[in-house]
Amino acid sequence: MIPVVKPFLPPFEEYKLLLEGIWERCWLTNMGPLATELEIKLQKLLNVSNLLFVTNGTVALQMAIKALDLKGEIITTPFSFVATTSTIVWEGCTPVFVDIDRDSLTIDVEKIEAAITSNTVAILATHVYGNPCDVEVIDIIAKKHNLKVIYDGAHAFGVEYKGKSIFEYGDISTCSLHATKLYHSTEGGFIVTKNKDLNIKLQRIRNFGISGFDTFSDLGLNGKNSEMHAAMGIANLKYIDHIHAKRKTLYETYTEELKDFNAVQPVWREEATMNYPYFPLVLESEELLLKVREALLREDIHLRRYFYPSLASSLPYLPEQLLEVTEDVAKRAICLPFYYDLEIEDVKRICEILKST
């Protein structure tokens, strides 16, 4: 069986060595030495101002909305994982969907201003498949209308735009370190902000809003992560260059093998580095997608309709909204198997099956 994704795992002995230290210290959570070490290493690797290691990418988004004191409408994208939208609703705000750009699949910046009302307080946009949004135009719009900006960078680990980390853009950026991601800590995520005071507030929010031994300053939650998860993050971090190189080779193989296939890849943002988190394609039609899926399943090979269906038209807790480009793309978009252990021969076999349809 070939799955869509499969987590990278470090040599067991290296992970075990870190676990032995946890057993010796008997310090399992509450920002232990490994969680602190991972924060420092990630901040240095990504060259970002401030970074907090948290429970997961969803909690990171919740913390972002809470830390910015957002109450009202938040403009967002319907082409993302459900957590991008559900977090807005969970925090008592109202998502306002804006259609996506047909080429990049990120939020269409030319349609944002038309969605702004007197109740709009922020923009929450997703770097889709790690592909950066038009952060410069979003920044201009946000400043013009006095809006906060949050970026869901769940897929964007390691991406740089114009020479700096994509997580340095916006008021707050978040990332997922879930096991399905190219770099992971089993479960986990992080949150980045350039604002030092905001970072201190986020630290308090992560720890129940505690500000002192017996004092509270903010409405908080338990956003901390465990030493076991931090150990996985540390163990995996030393292999990040190998992971990137292998995924680049897989990506280039897929691209070459499918150059004549009836599908297109999202157009990557100019001046942005590519981190190869997935191999997405937008097929010619939904009919072709279903044929491809059926042909692959006969060989026990799995793809994912990522992201399908559109969040604007499928969530039971929000009114249905049909956005032309998103509805069209969501019906035709797939992600093919893509992970470190995938062999080049398997990629070629997958491509042959696709072309045979």
# chains A, B, ... in the order shown; residues from 1 in each chain; ligands from 1
call {"tool": "closest_atom_pairs", "arguments": {"of": "segment 15-122 of chain A", "to": "segment 184-196 of chain A", "cutoff": "12 Å", "atoms": "only C-alpha atoms", "output": "Markdown table"}}
result
| residue | atom | partner | partner_atom | distance |
| --- | --- | --- | --- | --- |
| A:Tyr15 | CA | A:Ser185 | CA | 11.4 |
| A:Leu34 | CA | A:Ser185 | CA | 11.7 |
| A:Ala35 | CA | A:Ser185 | CA | 10.5 |
| A:Leu38 | CA | A:Ser185 | CA | 9.8 |
| A:Glu39 | CA | A:Phe190 | CA | 8.5 |
| A:Ile40 | CA | A:Phe190 | CA | 11.8 |
| A:Leu42 | CA | A:Phe190 | CA | 9.3 |
| A:Gln43 | CA | A:Val192 | CA | 9.0 |
| A:Leu46 | CA | A:Val192 | CA | 10.5 |
| A:Asn47 | CA | A:Val192 | CA | 10.8 |
| A:Val48 | CA | A:Val192 | CA | 7.4 |
| A:Ser49 | CA | A:Lys194 | CA | 5.3 |
| A:Asn50 | CA | A:Val192 | CA | 5.6 |
| A:Leu51 | CA | A:Val192 | CA | 4.7 |
| A:Leu52 | CA | A:Ile191 | CA | 5.3 |
| A:Phe53 | CA | A:Phe190 | CA | 4.5 |
| A:Val54 | CA | A:Gly189 | CA | 5.2 |
| A:Thr55 | CA | A:Gly188 | CA | 4.7 |
| A:Asn56 | CA | A:Gly188 | CA | 3.9 |
| A:Gly57 | CA | A:Gly189 | CA | 4.6 |
| A:Thr58 | CA | A:Gly189 | CA | 8.1 |
| A:Val59 | CA | A:Gly189 | CA | 8.1 |
| A:Ala60 | CA | A:Ile191 | CA | 5.7 |
| A:Leu61 | CA | A:Ile191 | CA | 8.1 |
| A:Gln62 | CA | A:Ile191 | CA | 10.4 |
| A:Met63 | CA | A:Ile191 | CA | 8.5 |
| A:Ala64 | CA | A:Ile191 | CA | 7.8 |
| A:Ile65 | CA | A:Ile191 | CA | 11.6 |
| A:Ala67 | CA | A:Thr193 | CA | 10.8 |
| A:Leu68 | CA | A:Thr193 | CA | 11.1 |
call {"tool": "write_last_selection", "arguments": {"atoms": "N, CA and C atoms", "output": "PDB file, in the first residue's frame"}}
result
ATOM      1  N   TYR A  15      16.251   8.755  19.093  1.00  0.00           N
ATOM      2  CA  TYR A  15      15.071   9.190  19.833  1.00  0.00           C
ATOM      3  C   TYR A  15      15.082   8.590  21.244  1.00  0.00           C
ATOM      4  N   LEU A  34      13.763  20.130  26.866  1.00  0.00           N
ATOM      5  CA  LEU A  34      13.743  19.775  25.444  1.00  0.00           C
ATOM      6  C   LEU A  34      12.816  20.702  24.658  1.00  0.00           C
ATOM      7  N   ALA A  35      11.680  21.036  25.234  1.00  0.00           N
ATOM      8  CA  ALA A  35      10.768  21.969  24.561  1.00  0.00           C
ATOM      9  C   ALA A  35      11.432  23.330  24.390  1.00  0.00           C
ATOM     10  N   LEU A  38      14.103  23.024  21.678  1.00  0.00           N
ATOM     11  CA  LEU A  38      13.524  22.990  20.336  1.00  0.00           C
ATOM     12  C   LEU A  38      13.111  24.388  19.892  1.00  0.00           C
ATOM     13  N   GLU A  39      12.502  25.161  20.784  1.00  0.00           N
ATOM     14  CA  GLU A  39      12.141  26.541  20.454  1.00  0.00           C
ATOM     15  C   GLU A  39      13.354  27.330  19.977  1.00  0.00           C
ATOM     16  N   ILE A  40      14.428  27.223  20.717  1.00  0.00           N
ATOM     17  CA  ILE A  40      15.646  27.977  20.392  1.00  0.00           C
ATOM     18  C   ILE A  40      16.210  27.537  19.045  1.00  0.00           C
ATOM     19  N   LEU A  42      14.619  26.034  16.523  1.00  0.00           N
ATOM     20  CA  LEU A  42      13.736  26.410  15.421  1.00  0.00           C
ATOM     21  C   LEU A  42      13.843  27.896  15.120  1.00  0.00           C
ATOM     22  N   GLN A  43      13.907  28.690  16.152  1.00  0.00           N
ATOM     23  CA  GLN A  43      14.033  30.134  15.955  1.00  0.00           C
ATOM     24  C   GLN A  43      15.312  30.478  15.211  1.00  0.00           C
ATOM     25  N   LEU A  46      15.108  29.004  11.414  1.00  0.00           N
ATOM     26  CA  LEU A  46      14.199  29.749  10.546  1.00  0.00           C
ATOM     27  C   LEU A  46      14.513  31.244  10.505  1.00  0.00           C
ATOM     28  N   ASN A  47      15.395  31.678  11.404  1.00  0.00           N
ATOM     29  CA  ASN A  47      15.801  33.085  11.470  1.00  0.00           C
ATOM     30  C   ASN A  47      14.586  33.989  11.658  1.00  0.00           C
ATOM     31  N   VAL A  48      13.823  33.705  12.724  1.00  0.00           N
ATOM     32  CA  VAL A  48      12.643  34.495  13.042  1.00  0.00           C
ATOM     33  C   VAL A  48      12.849  35.208  14.382  1.00  0.00           C
ATOM     34  N   SER A  49      12.058  36.236  14.600  1.00  0.00           N
ATOM     35  CA  SER A  49      12.239  37.090  15.774  1.00  0.00           C
ATOM     36  C   SER A  49      11.895  36.383  17.077  1.00  0.00           C
ATOM     37  N   ASN A  50      10.708  35.817  17.137  1.00  0.00           N
ATOM     38  CA  ASN A  50      10.234  35.134  18.346  1.00  0.00           C
ATOM     39  C   ASN A  50       9.446  33.913  17.918  1.00  0.00           C
ATOM     40  N   LEU A  51       9.639  32.788  18.598  1.00  0.00           N
ATOM     41  CA  LEU A  51       8.943  31.559  18.239  1.00  0.00           C
ATOM     42  C   LEU A  51       8.541  30.817  19.499  1.00  0.00           C
ATOM     43  N   LEU A  52       7.276  30.385  19.546  1.00  0.00           N
ATOM     44  CA  LEU A  52       6.771  29.615  20.676  1.00  0.00           C
ATOM     45  C   LEU A  52       6.303  28.254  20.182  1.00  0.00           C
ATOM     46  N   PHE A  53       6.806  27.197  20.790  1.00  0.00           N
ATOM     47  CA  PHE A  53       6.409  25.819  20.501  1.00  0.00           C
ATOM     48  C   PHE A  53       5.102  25.541  21.240  1.00  0.00           C
ATOM     49  N   VAL A  54       4.074  25.108  20.494  1.00  0.00           N
ATOM     50  CA  VAL A  54       2.755  24.916  21.098  1.00  0.00           C
ATOM     51  C   VAL A  54       2.188  23.541  20.748  1.00  0.00           C
ATOM     52  N   THR A  55       1.000  23.284  21.271  1.00  0.00           N
ATOM     53  CA  THR A  55       0.368  21.965  21.180  1.00  0.00           C
ATOM     54  C   THR A  55       0.170  21.497  19.745  1.00  0.00           C
ATOM     55  N   ASN A  56      -0.350  22.377  18.909  1.00  0.00           N
ATOM     56  CA  ASN A  56      -0.578  22.047  17.499  1.00  0.00           C
ATOM     57  C   ASN A  56      -0.871  23.324  16.724  1.00  0.00           C
ATOM     58  N   GLY A  57      -1.054  23.193  15.429  1.00  0.00           N
ATOM     59  CA  GLY A  57      -1.292  24.355  14.588  1.00  0.00           C
ATOM     60  C   GLY A  57      -2.635  25.008  14.820  1.00  0.00           C
ATOM     61  N   THR A  58      -3.625  24.224  15.229  1.00  0.00           N
ATOM     62  CA  THR A  58      -4.946  24.779  15.508  1.00  0.00           C
ATOM     63  C   THR A  58      -4.913  25.655  16.749  1.00  0.00           C
ATOM     64  N   VAL A  59      -4.268  25.168  17.804  1.00  0.00           N
ATOM     65  CA  VAL A  59      -4.119  25.963  19.025  1.00  0.00           C
ATOM     66  C   VAL A  59      -3.342  27.245  18.729  1.00  0.00           C
ATOM     67  N   ALA A  60      -2.364  27.156  17.838  1.00  0.00           N
ATOM     68  CA  ALA A  60      -1.602  28.354  17.459  1.00  0.00           C
ATOM     69  C   ALA A  60      -2.521  29.419  16.867  1.00  0.00           C
ATOM     70  N   LEU A  61      -3.463  29.012  16.022  1.00  0.00           N
ATOM     71  CA  LEU A  61      -4.416  29.962  15.442  1.00  0.00           C
ATOM     72  C   LEU A  61      -5.349  30.529  16.506  1.00  0.00           C
ATOM     73  N   GLN A  62      -5.814  29.669  17.426  1.00  0.00           N
ATOM     74  CA  GLN A  62      -6.658  30.147  18.523  1.00  0.00           C
ATOM     75  C   GLN A  62      -5.928  31.202  19.351  1.00  0.00           C
ATOM     76  N   MET A  63      -4.668  30.913  19.668  1.00  0.00           N
ATOM     77  CA  MET A  63      -3.871  31.850  20.452  1.00  0.00           C
ATOM     78  C   MET A  63      -3.671  33.165  19.714  1.00  0.00           C
ATOM     79  N   ALA A  64      -3.497  33.088  18.400  1.00  0.00           N
ATOM     80  CA  ALA A  64      -3.286  34.302  17.603  1.00  0.00           C
ATOM     81  C   ALA A  64      -4.503  35.218  17.666  1.00  0.00           C
ATOM     82  N   ILE A  65      -5.679  34.646  17.460  1.00  0.00           N
ATOM     83  CA  ILE A  65      -6.910  35.443  17.486  1.00  0.00           C
ATOM     84  C   ILE A  65      -7.124  36.045  18.871  1.00  0.00           C
ATOM     85  N   ALA A  67      -4.797  36.629  21.243  1.00  0.00           N
ATOM     86  CA  ALA A  67      -3.756  37.604  21.595  1.00  0.00           C
ATOM     87  C   ALA A  67      -3.980  38.944  20.925  1.00  0.00           C
ATOM     88  N   LEU A  68      -4.589  38.945  19.742  1.00  0.00           N
ATOM     89  CA  LEU A  68      -4.853  40.192  19.020  1.00  0.00           C
ATOM     90  C   LEU A  68      -6.189  40.822  19.405  1.00  0.00           C
TER      91      LEU A  68
END
call {"tool": "residues_around", "arguments": {"residues": "Arg204 of chain A", "least_positions_apart": "4", "cutoff": "12 Å", "atoms": "only C-alpha atoms", "output": "PyMOL selection string"}}
result
chain A and resi 52+63+66-67+197-200+208-212+215-224
call {"tool": "residues_around", "arguments": {"residues": "Val149 of chain A", "least_positions_apart": "6", "cutoff": "8 Å", "atoms": "only C-alpha atoms", "output": "PyMOL selection string"}}
result
chain A and resi 122-125+139+142+170-172
call {"tool": "write_last_selection", "arguments": {"atoms": "N, CA and C atoms", "output": "short mmCIF file (atom, residue, chain, number, x, y, z; two decimals), in the first residue's frame"}}
result
data_model
loop_
_atom_site.label_atom_id
_atom_site.label_comp_id
_atom_site.auth_asym_id
_atom_site.auth_seq_id
_atom_site.Cartn_x
_atom_site.Cartn_y
_atom_site.Cartn_z
N ALA A 122 -9.74 41.73 10.81
CA ALA A 122 -8.50 41.05 10.45
C ALA A 122 -8.62 40.28 9.15
N ILE A 123 -7.46 39.87 8.65
CA ILE A 123 -7.35 38.96 7.50
C ILE A 123 -6.60 37.73 7.99
N LEU A 124 -7.17 36.55 7.77
CA LEU A 124 -6.48 35.29 8.11
C LEU A 124 -6.34 34.51 6.81
N ALA A 125 -5.15 34.48 6.26
CA ALA A 125 -4.91 33.85 4.95
C ALA A 125 -3.97 32.67 5.08
N ASP A 139 -0.48 43.34 3.13
CA ASP A 139 0.04 44.31 4.09
C ASP A 139 -0.48 45.73 3.78
N ALA A 142 -4.17 45.87 4.71
CA ALA A 142 -4.35 45.85 6.17
C ALA A 142 -4.04 47.21 6.78
N GLY A 170 3.12 39.55 8.44
CA GLY A 170 1.88 39.61 9.20
C GLY A 170 2.14 39.94 10.66
N ASP A 171 1.04 40.14 11.41
CA ASP A 171 1.17 40.36 12.85
C ASP A 171 1.56 39.08 13.56
N ILE A 172 0.97 37.97 13.12
CA ILE A 172 1.28 36.65 13.69
C ILE A 172 1.24 35.63 12.56
#
call {"tool": "closest_residue", "arguments": {"among": "A:Glu113, A:Trp23, A:Ile138, A:Ala272", "to": "Ala156 of chain A", "atoms": "only C-alpha atoms"}}
result
A:Ala272
call {"tool": "atom_distance", "arguments": {"atom1": "atom CA of Leu354 of chain A", "atom2": "atom CA of Asn262 of chain A"}}
result
9.5 Å
call {"tool": "select_by_dssp", "arguments": {"residues": "segment 90-217 of chain A", "states": "strand (DSSP E or B)", "output": "JSON, numbers by chain"}}
result
{"A": [94, 95, 96, 97, 100, 107, 120, 121, 122, 123, 124, 125, 126, 148, 149, 150, 151, 152, 160, 161, 164, 165, 172, 173, 174, 175, 176, 189, 190, 191, 192, 207, 210, 216]}
call {"tool": "select_by_dssp", "arguments": {"residues": "segment 94-341 of chain A", "states": "helix (DSSP H, G or I)", "output": "ChimeraX atom specification"}}
result
/A:109-111,113-115,128-130,135-145,166-168,196-206,227-237,240-257,286-298,311-314,324-332
call {"tool": "residues_around", "arguments": {"residues": "segment 91-107 of chain A", "least_positions_apart": "3", "cutoff": "8 Å", "atoms": "only C-alpha atoms", "output": "PyMOL selection string"}}
result
chain A and resi 62+65-66+70-79+85+87-88+111-112+115+125-128+131-133+266-269+312+323-326+329
call {"tool": "write_last_selection", "arguments": {"atoms": "N, CA and C atoms", "output": "short mmCIF file (atom, residue, chain, number, x, y, z; two decimals), in the first residue's frame"}}
result
data_model
loop_
_atom_site.label_atom_id
_atom_site.label_comp_id
_atom_site.auth_asym_id
_atom_site.auth_seq_id
_atom_site.Cartn_x
_atom_site.Cartn_y
_atom_site.Cartn_z
N GLN A 62 -5.81 29.67 17.43
CA GLN A 62 -6.66 30.15 18.52
C GLN A 62 -5.93 31.20 19.35
N ILE A 65 -5.68 34.65 17.46
CA ILE A 65 -6.91 35.44 17.49
C ILE A 65 -7.12 36.04 18.87
N LYS A 66 -6.87 35.24 19.91
CA LYS A 66 -7.06 35.72 21.28
C LYS A 66 -6.06 36.82 21.62
N LEU A 70 -9.28 39.97 18.84
CA LEU A 70 -10.15 40.13 17.68
C LEU A 70 -11.60 39.80 18.02
N LYS A 71 -12.50 40.70 17.65
CA LYS A 71 -13.94 40.49 17.81
C LYS A 71 -14.62 41.13 16.60
N GLY A 72 -15.22 40.29 15.77
CA GLY A 72 -15.87 40.82 14.57
C GLY A 72 -15.64 39.89 13.39
N GLU A 73 -15.55 40.47 12.20
CA GLU A 73 -15.40 39.69 10.97
C GLU A 73 -13.93 39.52 10.62
N ILE A 74 -13.59 38.31 10.22
CA ILE A 74 -12.23 38.01 9.78
C ILE A 74 -12.30 37.48 8.35
N ILE A 75 -11.67 38.19 7.44
CA ILE A 75 -11.63 37.76 6.03
C ILE A 75 -10.67 36.59 5.91
N THR A 76 -11.13 35.53 5.22
CA THR A 76 -10.30 34.33 5.12
C THR A 76 -10.55 33.61 3.80
N THR A 77 -9.86 32.51 3.62
CA THR A 77 -9.94 31.73 2.38
C THR A 77 -10.81 30.49 2.57
N PRO A 78 -11.58 30.10 1.56
CA PRO A 78 -12.36 28.87 1.63
C PRO A 78 -11.56 27.65 1.18
N PHE A 79 -10.32 27.87 0.70
CA PHE A 79 -9.50 26.77 0.19
C PHE A 79 -8.36 26.53 1.16
N THR A 85 -10.90 27.91 9.31
CA THR A 85 -12.21 28.51 9.50
C THR A 85 -12.79 28.21 10.88
N THR A 87 -11.46 27.67 13.66
CA THR A 87 -10.83 28.44 14.73
C THR A 87 -11.45 29.83 14.84
N ILE A 88 -11.75 30.44 13.71
CA ILE A 88 -12.38 31.77 13.72
C ILE A 88 -13.73 31.69 14.44
N LYS A 111 -9.82 40.79 -4.45
CA LYS A 111 -11.21 40.70 -4.00
C LYS A 111 -11.36 40.98 -2.51
N ILE A 112 -10.24 41.22 -1.83
CA ILE A 112 -10.31 41.41 -0.38
C ILE A 112 -11.03 42.69 0.00
N ALA A 115 -14.74 42.90 0.35
CA ALA A 115 -15.34 42.14 1.45
C ALA A 115 -15.22 42.86 2.79
N ALA A 125 -5.15 34.48 6.26
CA ALA A 125 -4.91 33.85 4.95
C ALA A 125 -3.97 32.67 5.08
N THR A 126 -4.13 31.71 4.18
CA THR A 126 -3.34 30.48 4.20
C THR A 126 -2.30 30.48 3.08
N HIS A 127 -1.07 30.10 3.43
CA HIS A 127 -0.05 29.83 2.42
C HIS A 127 -0.31 28.40 1.90
N VAL A 128 -1.08 28.30 0.83
CA VAL A 128 -1.63 27.01 0.38
C VAL A 128 -0.54 26.09 -0.17
N ASN A 131 2.73 27.57 -0.50
CA ASN A 131 2.89 28.64 -1.49
C ASN A 131 2.46 29.97 -0.87
N PRO A 132 3.36 30.94 -0.74
CA PRO A 132 3.02 32.18 -0.04
C PRO A 132 1.90 32.98 -0.68
N CYS A 133 1.08 33.58 0.17
CA CYS A 133 0.10 34.56 -0.29
C CYS A 133 0.84 35.79 -0.82
N PRO A 266 -0.05 24.37 -9.10
CA PRO A 266 -0.20 25.77 -8.67
C PRO A 266 1.05 26.57 -9.01
N VAL A 267 0.85 27.82 -9.41
CA VAL A 267 1.97 28.69 -9.76
C VAL A 267 2.60 29.21 -8.46
N TRP A 268 3.86 28.89 -8.27
CA TRP A 268 4.55 29.28 -7.04
C TRP A 268 4.90 30.76 -7.06
N ARG A 269 4.80 31.40 -5.90
CA ARG A 269 5.08 32.83 -5.79
C ARG A 269 6.52 33.14 -6.20
N ALA A 312 -16.46 27.18 2.16
CA ALA A 312 -17.55 28.15 2.07
C ALA A 312 -18.90 27.48 1.83
N LEU A 323 -18.45 30.14 -4.17
CA LEU A 323 -17.43 31.00 -4.76
C LEU A 323 -16.88 30.30 -5.99
N GLU A 324 -16.99 30.95 -7.13
CA GLU A 324 -16.79 30.31 -8.44
C GLU A 324 -15.45 29.58 -8.58
N VAL A 325 -14.36 30.27 -8.33
CA VAL A 325 -13.05 29.66 -8.55
C VAL A 325 -12.80 28.54 -7.55
N THR A 326 -13.11 28.79 -6.28
CA THR A 326 -12.89 27.77 -5.26
C THR A 326 -13.69 26.52 -5.54
N VAL A 329 -11.99 24.72 -8.55
CA VAL A 329 -10.68 24.13 -8.24
C VAL A 329 -10.81 22.98 -7.25
#
call {"tool": "decode", "arguments": {"residues": "segment 1-32 of chain A", "atoms": "C-alpha atoms", "output": "PDB file, in the first residue's frame"}}
result
ATOM      1  CA  MET A   1       0.000   0.000   0.000  1.00  0.00           C
ATOM      2  CA  ILE A   2       1.202   3.483  -0.877  1.00  0.00           C
ATOM      3  CA  PRO A   3      -0.403   6.147   1.357  1.00  0.00           C
ATOM      4  CA  VAL A   4      -0.720   9.839   0.562  1.00  0.00           C
ATOM      5  CA  VAL A   5       1.699  10.798   3.337  1.00  0.00           C
ATOM      6  CA  LYS A   6       3.927   8.937   5.767  1.00  0.00           C
ATOM      7  CA  PRO A   7       5.855  10.520   8.647  1.00  0.00           C
ATOM      8  CA  PHE A   8       9.628  10.665   8.616  1.00  0.00           C
ATOM      9  CA  LEU A   9      11.077   8.912  11.661  1.00  0.00           C
ATOM     10  CA  PRO A  10      14.641   9.347  12.936  1.00  0.00           C
ATOM     11  CA  PRO A  11      16.802   6.363  13.933  1.00  0.00           C
ATOM     12  CA  PHE A  12      15.111   4.871  16.986  1.00  0.00           C
ATOM     13  CA  GLU A  13      18.300   4.862  19.067  1.00  0.00           C
ATOM     14  CA  GLU A  14      18.624   8.630  18.664  1.00  0.00           C
ATOM     15  CA  TYR A  15      15.071   9.190  19.833  1.00  0.00           C
ATOM     16  CA  LYS A  16      15.513   6.652  22.632  1.00  0.00           C
ATOM     17  CA  LEU A  17      18.555   8.544  23.929  1.00  0.00           C
ATOM     18  CA  LEU A  18      16.451  11.678  24.293  1.00  0.00           C
ATOM     19  CA  LEU A  19      13.709   9.692  26.030  1.00  0.00           C
ATOM     20  CA  GLU A  20      16.218   8.342  28.557  1.00  0.00           C
ATOM     21  CA  GLY A  21      16.997  11.912  29.552  1.00  0.00           C
ATOM     22  CA  ILE A  22      13.281  12.573  30.073  1.00  0.00           C
ATOM     23  CA  TRP A  23      13.045   9.485  32.311  1.00  0.00           C
ATOM     24  CA  GLU A  24      16.022  10.641  34.347  1.00  0.00           C
ATOM     25  CA  ARG A  25      14.651  14.167  34.858  1.00  0.00           C
ATOM     26  CA  CYS A  26      11.007  13.073  35.261  1.00  0.00           C
ATOM     27  CA  TRP A  27      10.043  16.417  33.668  1.00  0.00           C
ATOM     28  CA  LEU A  28       7.352  15.600  31.116  1.00  0.00           C
ATOM     29  CA  THR A  29       5.702  18.909  30.219  1.00  0.00           C
ATOM     30  CA  ASN A  30       5.353  22.581  31.303  1.00  0.00           C
ATOM     31  CA  MET A  31       8.091  23.755  28.926  1.00  0.00           C
ATOM     32  CA  GLY A  32      10.834  21.382  29.985  1.00  0.00           C
TER      33      GLY A  32
END
